[in-house]
Amino acid sequence: DDLMSNMLRIALIPNLAVLSTICSIAFLLYTHLRSFLRLQFEAFISNVILRISDGEYVSYEQQEIALESLVALSRHPTFMVDMYANLDCSIDRSNVFEAVCNLLSKNTFPVNSPLASTHILALDGLLAIFNNLLERSKQSG
């Protein structure tokens, strides 16, 4: 709890190296301790990754780091299932899976700007989610 709360606080400091390190630590924590940190990951995704990935009041580089972290998490075979089953399906939790999908789909195509790396990252994240859903459907079908 202390580690995650400090990570939440420090991640919003406008320093690219700090944000990148925090996102890497969060990914490692998820891969090894995901069953113990579900609520902490809800807070981390909602308050850090989604907020920074949205691109308001942050630099382009910060947005890119947050999207890269989100794509890395989306590539993990259990991430989206964990988020959906443990958060979105619970009445008292936020809809993290829905928010991630909305953010990625919103950022996939440029509206009034040229194609940028953030658009490609968002598309990569959506494709990773679809690929994981396809793999899970093959396993259960």
# chains A, B, ... in the order shown; residues from 1 in each chain; ligands from 1

$ closest_atom_pairs --of "segment 42-117 of chain A" --to "segment 22-32 of chain A" --cutoff "9 Å" --atoms "only C-alpha atoms" --output "tab-separated table"
residue	atom	partner	partner_atom	distance
A:Phe44	CA	A:Ala26	CA	8.3
A:Ile49	CA	A:Cys23	CA	8.4
A:Ile65	CA	A:Cys23	CA	8.1
A:Ala66	CA	A:Cys23	CA	7.4
A:Glu68	CA	A:Cys23	CA	9.0
A:Ser69	CA	A:Cys23	CA	6.0
A:Leu70	CA	A:Cys23	CA	8.8
A:Ala72	CA	A:Phe27	CA	7.7
A:Leu73	CA	A:Phe27	CA	6.6
A:His76	CA	A:Thr31	CA	8.1
A:Phe79	CA	A:Tyr30	CA	8.4

$ write_last_selection --atoms "N, CA and C atoms" --output "mmCIF file, in the first residue's frame"
data_model
loop_
_atom_site.group_PDB
_atom_site.id
_atom_site.type_symbol
_atom_site.label_atom_id
_atom_site.label_comp_id
_atom_site.auth_asym_id
_atom_site.auth_seq_id
_atom_site.Cartn_x
_atom_site.Cartn_y
_atom_site.Cartn_z
ATOM 1 N N PHE A 44 -3.958 3.155 -9.782
ATOM 2 C CA PHE A 44 -2.835 3.541 -10.641
ATOM 3 C C PHE A 44 -3.293 3.780 -12.080
ATOM 4 N N ILE A 49 -2.205 6.534 -15.280
ATOM 5 C CA ILE A 49 -2.109 6.159 -16.693
ATOM 6 C C ILE A 49 -3.196 6.824 -17.530
ATOM 7 N N ILE A 65 4.780 8.083 -22.871
ATOM 8 C CA ILE A 65 5.236 7.111 -21.871
ATOM 9 C C ILE A 65 4.048 6.391 -21.245
ATOM 10 N N ALA A 66 3.006 7.142 -20.901
ATOM 11 C CA ALA A 66 1.819 6.523 -20.300
ATOM 12 C C ALA A 66 1.146 5.566 -21.280
ATOM 13 N N GLU A 68 2.629 3.971 -23.754
ATOM 14 C CA GLU A 68 3.516 2.801 -23.882
ATOM 15 C C GLU A 68 3.296 1.836 -22.724
ATOM 16 N N SER A 69 3.141 2.372 -21.539
ATOM 17 C CA SER A 69 2.884 1.539 -20.368
ATOM 18 C C SER A 69 1.536 0.840 -20.486
ATOM 19 N N LEU A 70 0.543 1.554 -20.944
ATOM 20 C CA LEU A 70 -0.787 0.970 -21.126
ATOM 21 C C LEU A 70 -0.772 -0.130 -22.182
ATOM 22 N N ALA A 72 1.865 -1.971 -22.966
ATOM 23 C CA ALA A 72 2.579 -3.105 -22.370
ATOM 24 C C ALA A 72 1.652 -3.902 -21.456
ATOM 25 N N LEU A 73 0.867 -3.214 -20.652
ATOM 26 C CA LEU A 73 -0.092 -3.904 -19.801
ATOM 27 C C LEU A 73 -1.161 -4.612 -20.634
ATOM 28 N N HIS A 76 -0.260 -8.020 -21.850
ATOM 29 C CA HIS A 76 -0.226 -9.100 -20.869
ATOM 30 C C HIS A 76 -1.534 -9.893 -20.992
ATOM 31 N N PHE A 79 -4.316 -9.099 -18.208
ATOM 32 C CA PHE A 79 -4.590 -7.748 -17.717
ATOM 33 C C PHE A 79 -6.031 -7.306 -17.959
#

$ residues_around --residues "segment 84-94 of chain A" --least-positions-apart "4" --cutoff "9 Å" --atoms "only C-alpha atoms" --output "ChimeraX atom specification"
/A:38-39,42,46,79-80,98-99

$ write_last_selection --atoms "N, CA, C and O atoms" --output "PDB file, in the first residue's frame"
ATOM      1  N   ARG A  38      -5.024  -5.623  -6.743  1.00  0.00           N
ATOM      2  CA  ARG A  38      -6.093  -5.242  -7.687  1.00  0.00           C
ATOM      3  C   ARG A  38      -6.591  -3.817  -7.456  1.00  0.00           C
ATOM      4  O   ARG A  38      -6.736  -3.045  -8.398  1.00  0.00           O
ATOM      5  N   LEU A  39      -6.882  -3.480  -6.215  1.00  0.00           N
ATOM      6  CA  LEU A  39      -7.397  -2.139  -5.930  1.00  0.00           C
ATOM      7  C   LEU A  39      -6.339  -1.068  -6.172  1.00  0.00           C
ATOM      8  O   LEU A  39      -6.646   0.027  -6.644  1.00  0.00           O
ATOM      9  N   GLU A  42      -6.230  -0.446  -9.836  1.00  0.00           N
ATOM     10  CA  GLU A  42      -7.367   0.384 -10.243  1.00  0.00           C
ATOM     11  C   GLU A  42      -7.004   1.851 -10.043  1.00  0.00           C
ATOM     12  O   GLU A  42      -7.207   2.685 -10.941  1.00  0.00           O
ATOM     13  N   SER A  46      -6.388   4.416 -13.163  1.00  0.00           N
ATOM     14  CA  SER A  46      -7.340   5.533 -13.231  1.00  0.00           C
ATOM     15  C   SER A  46      -6.688   6.885 -12.981  1.00  0.00           C
ATOM     16  O   SER A  46      -6.960   7.852 -13.699  1.00  0.00           O
ATOM     17  N   PHE A  79      -4.316  -9.099 -18.208  1.00  0.00           N
ATOM     18  CA  PHE A  79      -4.590  -7.748 -17.717  1.00  0.00           C
ATOM     19  C   PHE A  79      -6.031  -7.306 -17.959  1.00  0.00           C
ATOM     20  O   PHE A  79      -6.734  -6.897 -17.037  1.00  0.00           O
ATOM     21  N   MET A  80      -6.480  -7.364 -19.181  1.00  0.00           N
ATOM     22  CA  MET A  80      -7.821  -6.874 -19.480  1.00  0.00           C
ATOM     23  C   MET A  80      -8.895  -7.744 -18.842  1.00  0.00           C
ATOM     24  O   MET A  80      -9.924  -7.241 -18.392  1.00  0.00           O
ATOM     25  N   GLU A  98     -13.462  -0.418 -19.579  1.00  0.00           N
ATOM     26  CA  GLU A  98     -14.203   0.482 -20.462  1.00  0.00           C
ATOM     27  C   GLU A  98     -13.445   1.788 -20.690  1.00  0.00           C
ATOM     28  O   GLU A  98     -13.342   2.273 -21.819  1.00  0.00           O
ATOM     29  N   ALA A  99     -12.895   2.348 -19.619  1.00  0.00           N
ATOM     30  CA  ALA A  99     -12.145   3.608 -19.740  1.00  0.00           C
ATOM     31  C   ALA A  99     -10.901   3.437 -20.603  1.00  0.00           C
ATOM     32  O   ALA A  99     -10.582   4.308 -21.421  1.00  0.00           O
TER      33      ALA A  99
END

$ atom_distance --atom1 "atom CA of Thr21 of chain A" --atom2 "atom CA of Ser53 of chain A"
16.0 Å

$ closest_atom_pairs --of "segment 119-140 of chain A" --to "segment 104-110 of chain A" --cutoff "6 Å" --atoms "only C-alpha atoms" --output "JSON lines"
{"residue": "A:His119", "atom": "CA", "partner": "A:Thr108", "partner_atom": "CA", "distance": 4.5}
{"residue": "A:Ala122", "atom": "CA", "partner": "A:Leu104", "partner_atom": "CA", "distance": 4.8}
{"residue": "A:Leu123", "atom": "CA", "partner": "A:Thr108", "partner_atom": "CA", "distance": 5.1}

$ closest_residue --among "A:Ser140, A:Gln63, A:Thr118, A:Gln40" --to "Leu12 of chain A" --atoms "only C-alpha atoms"
A:Gln63

$ select_by_dssp --residues "chain A" --states "helix (DSSP H, G or I)" --output "count of residues only"
110

$ atom_distance --atom1 "atom CA of Tyr60 of chain A" --atom2 "atom CA of Val18 of chain A"
15.3 Å

$ residues_around --residues "segment 13-16 of chain A" --least-positions-apart "6" --cutoff "8 Å" --atoms "only C-alpha atoms" --output "PyMOL selection string"
chain A and resi 58+61-62+65

$ write_last_selection --atoms "C-alpha atoms" --output "PDB file, in the first residue's frame"
ATOM      1  CA  VAL A  58       0.878  17.063 -19.720  1.00  0.00           C
ATOM      2  CA  GLU A  61       6.404  12.844 -24.061  1.00  0.00           C
ATOM      3  CA  GLN A  62       4.554  12.114 -20.817  1.00  0.00           C
ATOM      4  CA  ILE A  65       5.236   7.111 -21.871  1.00  0.00           C
TER       5      ILE A  65
END

$ residues_around --residues "Ser5 of chain A" --least-positions-apart "4" --cutoff "10 Å" --atoms "only C-alpha atoms" --output "ChimeraX atom specification"
/A:1,9-11,40,43-44

$ closest_atom_pairs --of "segment 18-125 of chain A" --to "segment 132-135 of chain A" --cutoff "9 Å" --atoms "only C-alpha atoms" --output "JSON lines"
{"residue": "A:Ser74", "atom": "CA", "partner": "A:Asn132", "partner_atom": "CA", "distance": 8.4}
{"residue": "A:Arg75", "atom": "CA", "partner": "A:Asn132", "partner_atom": "CA", "distance": 7.4}
{"residue": "A:His76", "atom": "CA", "partner": "A:Asn132", "partner_atom": "CA", "distance": 8.1}
{"residue": "A:Pro77", "atom": "CA", "partner": "A:Asn132", "partner_atom": "CA", "distance": 5.8}
{"residue": "A:Thr78", "atom": "CA", "partner": "A:Asn132", "partner_atom": "CA", "distance": 8.1}
{"residue": "A:Met80", "atom": "CA", "partner": "A:Asn132", "partner_atom": "CA", "distance": 8.2}
{"residue": "A:Val81", "atom": "CA", "partner": "A:Leu133", "partner_atom": "CA", "distance": 8.6}

$ closest_residue --among "A:Ala116, A:Val48, A:Val71, A:Met83" --to "Ala128 of chain A" --atoms "only C-alpha atoms"
A:Val71
